[in-house]
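J.: Coordinates in target-v3.csv, CSV, C-alpha atoms, are listed below.
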```
chain,number,residue,atom,x,y,z
A,1,MET,CA,140.5,37.8,129.2
A,2,GLN,CA,141.7,39.9,126.3
A,3,LEU,CA,139.3,40.9,123.6
A,4,ASN,CA,140.0,40.1,120.0
A,5,PRO,CA,141.5,43.3,118.6
A,6,PHE,CA,139.2,43.3,115.6
A,7,ARG,CA,136.1,42.9,117.8
A,8,LYS,CA,137.4,45.7,120.1
A,9,ASN,CA,137.9,48.0,117.2
A,10,LEU,CA,134.4,47.3,115.8
A,11,ARG,CA,132.9,48.0,119.2
A,12,ASP,CA,134.7,51.3,119.5
A,13,ARG,CA,133.6,52.3,116.1
A,14,LEU,CA,130.0,51.5,116.7
A,15,GLY,CA,130.1,53.2,120.1
A,16,ARG,CA,131.4,56.4,118.5
A,17,ARG,CA,128.7,56.3,115.9
A,18,GLY,CA,126.1,55.9,118.6
A,19,SER,CA,127.3,58.9,120.5
A,20,VAL,CA,127.0,61.1,117.4
A,21,ALA,CA,123.5,59.8,116.7
A,22,VAL,CA,122.6,60.6,120.3
A,23,GLU,CA,123.9,64.1,120.0
A,24,LEU,CA,121.9,64.6,116.8
A,25,ALA,CA,118.8,63.3,118.5
A,26,LEU,CA,119.3,65.7,121.4
A,27,VAL,CA,120.0,68.7,119.1
A,28,THR,CA,116.9,67.8,117.0
A,29,THR,CA,114.6,67.2,119.9
A,30,PHE,CA,115.5,70.2,122.1
A,31,PHE,CA,116.6,72.7,119.4
A,32,LEU,CA,115.5,72.1,115.9
A,33,VAL,CA,111.9,70.8,116.4
A,34,PRO,CA,110.9,73.5,119.0
A,35,LEU,CA,112.5,76.1,116.7
A,36,PHE,CA,110.4,75.1,113.7
A,37,CYS,CA,107.2,74.7,115.8
A,38,GLY,CA,107.8,78.2,117.3
A,39,ALA,CA,108.4,79.6,113.9
A,40,ALA,CA,105.1,78.1,112.6
A,41,ASP,CA,103.2,79.7,115.5
A,42,PHE,CA,105.0,83.0,115.1
A,43,ILE,CA,104.1,83.1,111.4
A,44,SER,CA,100.4,82.4,112.2
A,45,ILE,CA,100.4,85.2,114.7
A,46,LEU,CA,102.2,87.6,112.4
A,47,ASN,CA,99.7,86.9,109.6
A,48,ALA,CA,96.7,87.4,111.9
A,49,GLN,CA,98.1,90.6,113.3
A,50,ALA,CA,98.7,92.0,109.8
A,51,GLN,CA,95.1,91.2,108.9
A,52,LEU,CA,93.9,93.0,112.1
A,53,ASN,CA,96.0,96.1,111.4
A,54,THR,CA,94.6,96.2,107.8
A,55,ALA,CA,91.0,95.9,109.1
A,56,LEU,CA,91.7,98.7,111.6
A,57,GLN,CA,93.1,100.8,108.8
A,58,ALA,CA,89.9,100.3,106.8
A,59,LEU,CA,87.9,101.6,109.7
A,60,VAL,CA,90.2,104.5,110.3
A,61,TYR,CA,89.9,105.4,106.6
A,62,TYR,CA,86.2,105.2,106.8
A,63,SER,CA,86.2,107.6,109.8
A,64,TRP,CA,88.5,110.1,108.0
A,65,SER,CA,86.3,110.1,104.9
A,66,ASN,CA,83.0,110.2,106.8
A,67,THR,CA,83.9,112.4,109.7
A,68,SER,CA,80.3,113.5,110.4
A,69,ALA,CA,79.2,109.9,110.6
A,70,ALA,CA,82.1,108.6,112.7
A,71,GLY,CA,82.3,111.5,115.1
A,72,ALA,CA,80.0,114.2,116.6
A,73,THR,CA,76.9,112.7,118.0
A,74,SER,CA,75.9,110.3,115.3
A,75,TYR,CA,78.4,107.7,116.0
A,76,THR,CA,75.8,105.5,117.6
A,77,SER,CA,73.4,105.9,114.7
A,78,SER,CA,72.3,102.8,112.9
A,79,ALA,CA,73.8,104.1,109.6
A,80,THR,CA,77.2,104.4,111.2
A,81,THR,CA,77.2,101.1,112.9
A,82,THR,CA,75.8,99.4,109.8
A,83,ALA,CA,78.6,101.0,107.7
A,84,GLU,CA,81.3,99.8,110.1
A,85,MET,CA,79.9,96.3,110.3
A,86,ALA,CA,79.6,96.3,106.5
A,87,LEU,CA,83.3,96.9,106.1
A,88,ILE,CA,84.2,94.3,108.7
A,89,ASN,CA,81.9,91.8,107.1
A,90,ALA,CA,83.4,92.5,103.7
A,91,ILE,CA,86.8,91.8,105.1
A,92,ASN,CA,85.7,88.7,106.9
A,93,GLY,CA,84.1,87.5,103.6
A,94,ALA,CA,87.6,87.0,102.2
A,95,ALA,CA,90.0,86.9,105.1
A,96,THR,CA,91.5,83.8,106.7
A,97,PHE,CA,91.1,85.1,110.2
A,98,HIS,CA,87.7,86.2,111.5
A,99,VAL,CA,87.9,89.8,112.6
A,100,THR,CA,85.6,91.1,115.4
A,101,LEU,CA,84.8,94.8,115.8
A,102,ASN,CA,84.6,95.2,119.6
A,103,PRO,CA,81.7,97.2,121.0
A,104,GLY,CA,82.3,100.7,122.4
A,105,THR,CA,81.6,101.8,125.9
A,106,VAL,CA,78.3,103.4,124.8
A,107,VAL,CA,75.6,100.9,124.0
A,108,GLY,CA,75.0,100.5,120.3
A,109,SER,CA,78.4,101.8,119.3
A,110,TYR,CA,81.5,100.1,117.9
A,111,SER,CA,83.7,103.0,118.7
A,112,ASN,CA,84.7,105.3,121.5
A,113,LEU,CA,84.9,109.0,121.2
A,114,GLN,CA,87.5,111.1,123.0
A,115,TYR,CA,87.3,114.9,123.3
A,116,PHE,CA,90.1,117.3,123.7
A,117,CYS,CA,89.9,121.1,124.1
A,118,VAL,CA,92.7,123.1,122.5
A,119,THR,CA,93.8,126.6,123.5
A,120,THR,CA,95.1,128.3,120.4
A,121,THR,CA,95.7,131.8,121.9
A,122,THR,CA,99.0,130.8,123.4
A,123,THR,CA,102.0,129.1,121.9
A,124,PRO,CA,102.6,126.2,122.2
A,125,TYR,CA,99.0,125.2,122.1
A,126,THR,CA,97.7,123.5,125.2
A,127,ILE,CA,95.5,120.4,124.8
A,128,THR,CA,93.4,119.0,127.6
A,129,ALA,CA,91.2,116.0,127.7
A,130,ASN,CA,87.5,116.8,128.1
A,131,ALA,CA,84.7,114.6,129.3
A,132,ASN,CA,82.2,115.8,126.7
A,133,ALA,CA,81.9,117.6,123.4
A,134,THR,CA,81.5,121.1,124.9
A,135,CYS,CA,84.6,123.2,125.4
A,136,PRO,CA,84.9,126.4,127.4
A,137,SER,CA,84.8,129.7,125.5
A,138,GLY,CA,87.9,130.4,123.5
A,139,GLN,CA,89.0,126.8,123.1
A,140,THR,CA,88.6,124.5,120.1
A,141,LEU,CA,87.1,121.1,120.3
A,142,GLN,CA,89.0,118.1,118.9
A,143,THR,CA,87.2,114.7,118.5
A,144,TYR,CA,88.9,111.4,118.1
A,145,VAL,CA,87.2,108.1,117.3
A,146,GLN,CA,88.8,104.9,118.6
A,147,PHE,CA,88.2,101.4,117.3
A,148,THR,CA,89.4,98.0,118.6
A,149,VAL,CA,89.4,94.9,116.5
A,150,SER,CA,90.2,91.5,117.7
A,151,THR,CA,90.6,87.9,116.5
A,152,LYS,CA,91.7,84.5,117.7
A,153,VAL,CA,94.5,82.5,116.2
A,154,GLY,CA,94.6,78.8,116.3
A,155,LEU,CA,98.2,77.9,116.9
A,156,PRO,CA,99.5,75.0,114.7
A,157,PHE,CA,101.8,73.9,117.6
A,158,PRO,CA,100.4,75.1,120.9
A,159,ILE,CA,103.0,75.9,123.6
A,160,PRO,CA,101.8,74.4,126.9
A,161,LEU,CA,101.7,76.8,129.9
A,162,LYS,CA,102.8,79.7,127.8
A,163,LEU,CA,100.4,80.7,125.1
A,164,THR,CA,96.7,80.1,125.2
A,165,ASN,CA,95.2,78.4,122.2
A,166,PRO,CA,93.5,79.9,120.3
A,167,LEU,CA,95.5,83.0,121.0
A,168,PRO,CA,93.5,86.3,121.3
A,169,LEU,CA,95.0,89.2,119.4
A,170,SER,CA,93.7,92.8,119.2
A,171,ALA,CA,94.6,96.1,117.6
A,172,THR,CA,93.4,99.5,118.7
A,173,GLY,CA,93.6,102.8,116.7
A,174,SER,CA,92.4,106.3,116.8
A,175,ALA,CA,91.6,108.9,114.2
A,176,GLN,CA,90.8,112.6,114.5
A,177,VAL,CA,87.4,113.3,113.0
A,178,GLN,CA,87.0,116.9,114.1
B,1,MET,CA,168.2,56.1,99.4
B,2,ARG,CA,164.6,57.0,100.0
B,3,PRO,CA,162.7,55.1,102.7
B,4,ALA,CA,160.1,52.7,101.3
B,5,LEU,CA,156.6,54.0,101.3
B,6,PRO,CA,154.2,52.2,103.7
B,7,PRO,CA,151.8,50.0,102.0
B,8,VAL,CA,148.3,51.4,101.3
B,9,ARG,CA,146.8,48.9,103.7
B,10,HIS,CA,148.8,50.4,106.5
B,11,LEU,CA,147.8,53.9,105.6
B,12,TRP,CA,144.1,52.9,105.6
B,13,GLN,CA,144.5,51.2,109.0
B,14,ARG,CA,146.1,54.3,110.5
B,15,PHE,CA,143.4,56.5,109.0
B,16,HIS,CA,140.7,54.2,110.4
B,17,ALA,CA,142.2,54.1,113.8
B,18,ASP,CA,142.7,57.9,114.0
B,19,GLN,CA,140.3,59.4,116.5
B,20,ASN,CA,141.4,63.0,116.3
B,21,ALA,CA,138.6,64.0,114.0
B,22,GLY,CA,135.9,63.7,116.7
B,23,PRO,CA,135.4,67.5,117.0
B,24,ALA,CA,135.1,67.8,113.3
B,25,VAL,CA,132.3,65.2,113.2
B,26,GLU,CA,130.5,66.9,116.1
B,27,PHE,CA,130.8,70.2,114.3
B,28,ALA,CA,129.4,68.6,111.1
B,29,PHE,CA,126.3,67.7,113.0
B,30,CYS,CA,126.0,70.8,115.1
B,31,GLY,CA,126.8,72.8,111.9
B,32,VAL,CA,123.6,71.4,110.3
B,33,ALA,CA,121.6,72.6,113.2
B,34,LEU,CA,123.3,76.0,113.2
B,35,LEU,CA,122.8,76.3,109.4
B,36,ALA,CA,119.1,75.4,109.8
B,37,PHE,CA,118.8,78.1,112.5
B,38,LEU,CA,120.4,80.7,110.4
B,39,ILE,CA,118.3,79.9,107.3
B,40,GLY,CA,115.2,79.9,109.5
B,41,LEU,CA,116.1,83.3,110.9
B,42,LEU,CA,116.7,84.6,107.4
B,43,ASN,CA,113.4,83.2,106.2
B,44,LEU,CA,111.4,84.7,109.1
B,45,ALA,CA,112.8,88.1,108.1
B,46,LEU,CA,112.0,87.5,104.4
B,47,LEU,CA,108.4,86.4,105.4
B,48,GLY,CA,108.0,89.6,107.5
B,49,LEU,CA,109.2,91.7,104.5
B,50,ASP,CA,106.8,89.9,102.1
B,51,LEU,CA,103.8,90.1,104.5
B,52,GLY,CA,104.5,93.8,105.1
B,53,ALA,CA,104.7,94.5,101.4
B,54,LEU,CA,101.5,92.5,100.7
B,55,ALA,CA,99.5,94.4,103.5
B,56,HIS,CA,100.9,97.7,102.4
B,57,GLY,CA,100.1,97.1,98.8
B,58,VAL,CA,96.6,95.9,99.5
B,59,GLN,CA,95.8,98.9,101.8
B,60,MET,CA,97.3,101.5,99.5
B,61,SER,CA,95.8,100.2,96.3
B,62,ALA,CA,92.4,100.0,97.9
B,63,ARG,CA,92.8,103.5,99.2
B,64,TRP,CA,94.0,104.8,95.8
B,65,ALA,CA,91.1,103.2,94.0
B,66,SER,CA,88.5,104.7,96.3
B,67,LEU,CA,90.1,108.1,96.2
B,68,GLN,CA,90.2,107.8,92.4
B,69,THR,CA,86.5,107.0,92.4
B,70,THR,CA,85.8,110.0,94.6
B,71,SER,CA,87.7,112.3,92.3
B,72,SER,CA,85.7,111.0,89.3
B,73,TYR,CA,82.5,112.7,90.5
B,74,ALA,CA,80.6,114.1,87.6
B,75,ALA,CA,77.7,116.5,88.2
B,76,SER,CA,74.2,116.3,86.8
B,77,PRO,CA,73.6,113.4,86.9
B,78,THR,CA,76.0,112.7,89.8
B,79,THR,CA,78.0,109.7,88.7
B,80,ILE,CA,81.1,108.1,89.9
B,81,THR,CA,83.4,105.9,87.8
B,82,GLU,CA,85.3,103.1,89.4
B,83,PRO,CA,88.8,102.3,88.2
B,84,CYS,CA,89.2,99.0,86.3
B,85,MET,CA,90.8,96.0,88.0
B,86,GLY,CA,94.0,96.5,85.9
B,87,SER,CA,94.5,100.0,87.4
B,88,VAL,CA,94.2,98.7,90.9
B,89,ALA,CA,96.8,96.1,90.0
B,90,THR,CA,99.1,98.8,88.7
B,91,ALA,CA,98.6,100.7,91.9
B,92,PHE,CA,99.4,97.5,93.9
B,93,ASN,CA,102.6,97.1,91.8
B,94,ASN,CA,103.6,100.7,92.5
B,95,TYR,CA,103.5,100.0,96.3
B,96,ALA,CA,104.6,96.4,96.5
B,97,SER,CA,106.7,95.4,93.4
B,98,ALA,CA,109.9,96.2,95.1
B,99,VAL,CA,109.5,93.1,97.2
B,100,LEU,CA,106.7,91.0,95.6
B,101,PRO,CA,106.4,89.8,92.0
B,102,VAL,CA,104.9,92.3,89.5
B,103,LEU,CA,101.3,91.6,88.7
B,104,THR,CA,100.4,91.3,85.0
B,105,GLN,CA,97.4,93.2,83.7
B,106,PRO,CA,94.2,91.2,83.4
B,107,GLY,CA,93.0,90.6,79.9
B,108,THR,CA,89.6,92.2,80.2
B,109,ALA,CA,88.7,95.7,81.4
B,110,ALA,CA,86.4,95.1,84.3
B,111,ALA,CA,86.0,96.7,87.7
B,112,ASN,CA,85.7,93.3,89.5
B,113,GLY,CA,88.1,90.5,88.9
B,114,SER,CA,91.4,89.0,89.8
B,115,THR,CA,94.9,88.7,88.3
B,116,THR,CA,97.6,86.2,89.2
B,117,THR,CA,101.3,86.2,88.6
B,118,GLY,CA,103.2,83.2,89.9
B,119,HIS,CA,102.2,82.8,93.5
B,120,LEU,CA,100.7,86.3,93.9
B,121,THR,CA,97.0,87.0,93.3
B,122,LEU,CA,95.0,90.2,93.7
B,123,ALA,CA,91.2,90.3,93.6
B,124,THR,CA,89.0,93.3,93.7
B,125,SER,CA,85.2,93.5,94.3
B,126,TRP,CA,83.1,96.7,94.3
B,127,THR,CA,80.0,96.5,96.4
B,128,GLY,CA,77.7,98.7,98.4
B,129,THR,CA,74.7,100.8,97.4
B,130,PRO,CA,75.0,104.5,96.6
B,131,GLY,CA,72.9,106.5,99.0
B,132,ALA,CA,73.0,103.9,101.8
B,133,ALA,CA,75.8,103.6,104.4
B,134,PRO,CA,78.7,103.0,103.9
B,135,GLY,CA,78.1,103.8,100.3
B,136,VAL,CA,80.1,102.2,97.5
B,137,TYR,CA,83.2,100.4,98.8
B,138,LEU,CA,86.0,98.3,97.3
B,139,THR,CA,87.2,95.0,98.8
B,140,VAL,CA,90.8,94.1,97.9
B,141,THR,CA,92.3,90.7,98.7
B,142,GLY,CA,95.9,89.9,98.2
B,143,THR,CA,97.1,86.3,98.4
B,144,TYR,CA,100.7,85.3,98.3
B,145,VAL,CA,101.8,81.7,98.6
B,146,TRP,CA,105.1,82.2,100.3
B,147,SER,CA,108.0,79.8,100.0
B,148,PRO,CA,111.0,79.8,102.2
B,149,PHE,CA,114.3,80.8,100.7
B,150,GLY,CA,115.9,77.6,99.4
B,151,PHE,CA,112.7,75.6,99.2
B,152,ALA,CA,111.0,77.2,96.2
B,153,SER,CA,110.9,73.8,94.4
B,154,PHE,CA,109.0,72.2,97.3
B,155,PRO,CA,105.3,73.3,97.1
B,156,ALA,CA,104.5,71.3,100.2
B,157,ILE,CA,106.7,73.7,102.2
B,158,SER,CA,104.8,76.9,101.6
B,159,ILE,CA,102.6,79.3,103.6
B,160,PRO,CA,99.6,81.1,102.2
B,161,LEU,CA,99.5,84.7,103.2
B,162,LYS,CA,96.2,86.5,102.7
B,163,ILE,CA,95.3,90.1,103.5
B,164,THR,CA,91.9,91.7,102.8
B,165,THR,CA,90.8,95.3,103.2
B,166,ALA,CA,87.8,97.5,102.3
B,167,SER,CA,87.8,101.1,101.4
B,168,THR,CA,84.8,103.4,101.0
B,169,VAL,CA,84.3,106.0,98.3
B,170,ILE,CA,83.9,109.4,100.0
B,171,GLY,CA,80.4,110.9,99.6
B,172,SER,CA,78.9,107.8,97.9
B,173,SER,CA,76.6,107.3,100.9
B,174,GLN,CA,74.7,110.4,99.8
B,175,THR,CA,71.5,109.9,97.9
B,176,GLY,CA,71.5,110.7,94.2
B,177,VAL,CA,74.8,109.2,93.4
B,178,THR,CA,75.0,106.6,90.6
B,179,VAL,CA,77.8,104.4,89.5
B,180,ASN,CA,78.9,104.5,86.0
B,181,GLY,CA,78.4,101.2,84.2
B,182,THR,CA,81.9,101.0,82.8
B,183,CYS,CA,85.2,101.3,84.6
B,184,SER,CA,88.0,103.5,83.4
```
Would you mind writing the file out in structure tokens?
T.:
Amino acid sequence: MQLNPFRKNLRDRLGRRGSVAVELALVTTFFLVPLFCGAADFISILNAQAQLNTALQALVYYSWSNTSAAGATSYTSSATTTAEMALINAINGAATFHVTLNPGTVVGSYSNLQYFCVTTTTTPYTITANANATCPSGQTLQTYVQFTVSTKVGLPFPIPLKLTNPLPLSATGSAQVQ
Amino acid sequence: MRPALPPVRHLWQRFHADQNAGPAVEFAFCGVALLAFLIGLLNLALLGLDLGALAHGVQMSARWASLQTTSSYAASPTTITEPCMGSVATAFNNYASAVLPVLTQPGTAAANGSTTTGHLTLATSWTGTPGAAPGVYLTVTGTYVWSPFGFASFPAISIPLKITTASTVIGSSQTGVTVNGTCS
């Protein structure tokens, strides 16, 4: 039996329209929507990381401008830890993301100290890591203070099996204080 | 003698029956997705630029203000003078105005306060006690409600960016330092 030409034409037209709609649905589902969800997650992570870096910068500036407090032997003193926490609390008071100042390896400290001994009698200078703040005779001590700050970002569109939600982020930086 | 033109009805039927434009229709739909992808890519780059400028401006203006306060030391009695909010806004403009809107000066000369221009806000707050760690410090918060390129007239499609930092005044944790009552 032959179809009425008009009805056949109509069926073809509707069929073609349907295939285009299916293509659009596929492109939207598997391309556009994941793209925008990923972008939203990426923006949240970017924003949090920028805040972390800024908080780290504040601690590093504090260390540079208060070298005796940040370095030497007083880095575990209550005044130093209070000062560091005051800065972090000031930032947390206004920031969107809660920044945590991680504890140092020494109990009561928020920072880690690293010691290096520099030999300046030969060129180029030689720098060797040292376990403590005492260098052999003829060498100069360099002290670095290291901070680590961290936060957790709640992702607007969690990606299953790939990124944990909330996503932990951290930033670590060092400054020479002696 | 010229051949007679086909009636309009025949032209319309031929146009309607023509199926050669299928790829063009598909491209039209895929083109939308491609365009959205490219605009998204462009916007991510612009967002990174704006966020970087905001963070840099906040950090550097806070640093500038604390160093300015440090250099304002006056002996006997030892006083420090904090820069006014407007000066911090000017410092922020110097570091970020190439990318972000230029902040207007606040109407009053105060050390603490905020100024807003369009979607950009800068707030400053001096706290801390001289003589006690960490001394006097400035907290600066920059907020920028970012809109994607091409969507400026849609407030619902905007992302608030916020960066806060704190900067201490060198030496203000020493005892005997007092803060001048007025900013300069």
J.: For chain B, which residues have at least one atom within 6 Å of chain A, if we go by all atoms listed in the file? Write them as a PDB file with C-alpha atoms, in the frame of the given file, please.
T.:
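And here is the file that came out, selection.pdb:
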```pdb
ATOM      1  CA  ALA B 133      75.800 103.600 104.400  1.00  0.00           C
ATOM      2  CA  PRO B 134      78.700 103.000 103.900  1.00  0.00           C
ATOM      3  CA  ILE B 163      95.300  90.100 103.500  1.00  0.00           C
ATOM      4  CA  THR B 164      91.900  91.700 102.800  1.00  0.00           C
ATOM      5  CA  THR B 165      90.800  95.300 103.200  1.00  0.00           C
ATOM      6  CA  ALA B 166      87.800  97.500 102.300  1.00  0.00           C
ATOM      7  CA  SER B 167      87.800 101.100 101.400  1.00  0.00           C
ATOM      8  CA  ILE B 170      83.900 109.400 100.000  1.00  0.00           C
TER       9      ILE B 170
END
```
J.: Find the spatial neighbours of Ile80 (chain B), counting all atoms listed in the file, within a cut-off of 6 Å - ignore same-chain residues fewer than 5 positions away - and output them as a list of chain:residue names.
T.: B:Ser72, B:Tyr73, B:Val179, B:Asn180
J.: Scan for residues within 7 Å of the point (90.3, 98.0, 88.0) in the coordinates of the file, using only C-alpha atoms, and reply as a list of chain:residue names.
T.: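 Protein and nucleic acid residues near the point are B:Pro83, B:Cys84, B:Met85, B:Gly86, B:Ser87, B:Val88, B:Ala110, B:Ala111, B:Asn112, B:Cys183.
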J.: With distances taken over all atoms listed in the file, which residue among B:Gly40, B:Gly57, B:Thr79, B:Phe29 lies nearest Thr182 (chain B)?
T.: B:Thr79
J.: Give me the residues within 6 Å of region 114-127 of chain A as a CSV table (one decimal) with C-alpha atoms, keeping the file's coordinate frame, counting all atoms listed in the file and dropping any in the same chain fewer than 5 places off.
T.:
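Writing done, so here's result.csv:
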```csv
chain,number,residue,atom,x,y,z
A,135,CYS,CA,84.6,123.2,125.4
A,139,GLN,CA,89.0,126.8,123.1
A,140,THR,CA,88.6,124.5,120.1
A,141,LEU,CA,87.1,121.1,120.3
A,142,GLN,CA,89.0,118.1,118.9
A,143,THR,CA,87.2,114.7,118.5
A,144,TYR,CA,88.9,111.4,118.1
```
J.: State, in Å with one decimal place, the distance from CA of Ala74 (chain B) to CA of Ser184 (chain B).
T.: 13.6 Å
J.: In Å, how far is it from CA of Ser150 (chain A) to CA of His119 (chain B)?
T.: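 Atom-to-atom, CA of Ser150 (chain A) to CA of His119 (chain B), that is 28.4 Å.
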J.: Suppose you want the space between CA of Ala91 (chain B) and CA of Leu122 (chain B); what is it in Å?
T.: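 Taking CA of Ala91 (chain B) as the start and CA of Leu122 (chain B) as the end point, the length is 11.2 Å.
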J.: Name the residues in contact with Leu103 (chain B) at a cut-off of 8 Å, using all atoms listed in the file, excluding same-chain residues fewer than 2 positions from it; report them as number ranges by chain.
T.: B: 89-90, 93, 101, 105, 115-117, 120-121
J.: Can you tell me, as a PyMOL selection string, what residues are no more than 8 Å from Phe157 (chain A) when counting only C-alpha atoms, ignoring any on the same chain fewer than 3 positions away?
T.: chain A and resi 37-38+40-41
J.: Please dump the current selection as a CSV table (one decimal), in the coordinates of the input; keep C-alpha atoms.
T.:
```
chain,number,residue,atom,x,y,z
A,37,CYS,CA,107.2,74.7,115.8
A,38,GLY,CA,107.8,78.2,117.3
A,40,ALA,CA,105.1,78.1,112.6
A,41,ASP,CA,103.2,79.7,115.5
```
J.: Would you mind listing what lies within 12 Å of Thr78 (chain B) as a list of chain:residue names, with all atoms listed in the file counted and same-chain residues fewer than 3 positions away left out?
T.: B:Thr70, B:Ser71, B:Ser72, B:Tyr73, B:Ala74, B:Ala75, B:Thr81, B:Pro130, B:Gly131, B:Gly171, B:Ser172, B:Gln174, B:Thr175, B:Gly176, B:Val177, B:Thr178, B:Val179, B:Asn180
J.: Which is closer to Leu26 (chain A) than all the others in B:Pro160, B:Thr143, B:Val136, B:Ala33, using all atoms listed in the file?
T.: B:Ala33
J.: Grab region 64-80 of chain B from that structure and dump N, CA and C atoms to a file, as a JSON list (two decimals), in the first residue's frame.
T.:
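To be explicit, this is the file written out as selection.json:
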```json
[["chain", "number", "residue", "atom", "x", "y", "z"],
["B", 64, "TRP", "N", 51.14, 48.15, 51.61],
["B", 64, "TRP", "CA", 51.52, 49.57, 51.49],
["B", 64, "TRP", "C", 51.06, 50.34, 52.73],
["B", 65, "ALA", "N", 49.82, 50.09, 53.16],
["B", 65, "ALA", "CA", 49.27, 50.83, 54.30],
["B", 65, "ALA", "C", 50.04, 50.53, 55.58],
["B", 66, "SER", "N", 50.40, 49.28, 55.79],
["B", 66, "SER", "CA", 51.12, 48.95, 57.02],
["B", 66, "SER", "C", 52.54, 49.53, 56.99],
["B", 67, "LEU", "N", 53.17, 49.51, 55.81],
["B", 67, "LEU", "CA", 54.50, 50.10, 55.71],
["B", 67, "LEU", "C", 54.45, 51.62, 55.87],
["B", 68, "GLN", "N", 53.38, 52.21, 55.35],
["B", 68, "GLN", "CA", 53.18, 53.64, 55.49],
["B", 68, "GLN", "C", 53.04, 54.00, 56.97],
["B", 69, "THR", "N", 52.33, 53.18, 57.69],
["B", 69, "THR", "CA", 52.16, 53.41, 59.13],
["B", 69, "THR", "C", 53.48, 53.25, 59.86],
["B", 70, "THR", "N", 54.25, 52.23, 59.43],
["B", 70, "THR", "CA", 55.56, 52.01, 60.06],
["B", 70, "THR", "C", 56.46, 53.23, 59.87],
["B", 71, "SER", "N", 56.43, 53.77, 58.66],
["B", 71, "SER", "CA", 57.31, 54.91, 58.38],
["B", 71, "SER", "C", 56.81, 56.21, 59.00],
["B", 72, "SER", "N", 55.62, 56.17, 59.61],
["B", 72, "SER", "CA", 55.09, 57.39, 60.21],
["B", 72, "SER", "C", 55.49, 57.53, 61.68],
["B", 73, "TYR", "N", 56.37, 56.64, 62.15],
["B", 73, "TYR", "CA", 56.78, 56.70, 63.54],
["B", 73, "TYR", "C", 57.26, 58.10, 63.92],
["B", 74, "ALA", "N", 56.75, 58.57, 65.03],
["B", 74, "ALA", "CA", 57.23, 59.84, 65.55],
["B", 74, "ALA", "C", 57.69, 59.60, 66.99],
["B", 75, "ALA", "N", 58.86, 60.09, 67.32],
["B", 75, "ALA", "CA", 59.42, 59.82, 68.65],
["B", 75, "ALA", "C", 58.83, 60.76, 69.69],
["B", 76, "SER", "N", 58.90, 60.36, 70.90],
["B", 76, "SER", "CA", 58.55, 61.06, 72.15],
["B", 76, "SER", "C", 57.35, 62.01, 72.04],
["B", 77, "PRO", "N", 56.15, 61.56, 72.28],
["B", 77, "PRO", "CA", 55.83, 60.15, 72.51],
["B", 77, "PRO", "C", 55.80, 59.39, 71.19],
["B", 78, "THR", "N", 56.05, 58.09, 71.28],
["B", 78, "THR", "CA", 56.11, 57.28, 70.06],
["B", 78, "THR", "C", 54.70, 57.04, 69.53],
["B", 79, "THR", "N", 54.39, 57.67, 68.45],
["B", 79, "THR", "CA", 53.06, 57.50, 67.86],
["B", 79, "THR", "C", 53.18, 57.04, 66.42],
["B", 80, "ILE", "N", 52.17, 56.32, 66.00],
["B", 80, "ILE", "CA", 52.09, 55.95, 64.59],
["B", 80, "ILE", "C", 50.77, 56.48, 64.05]]
```
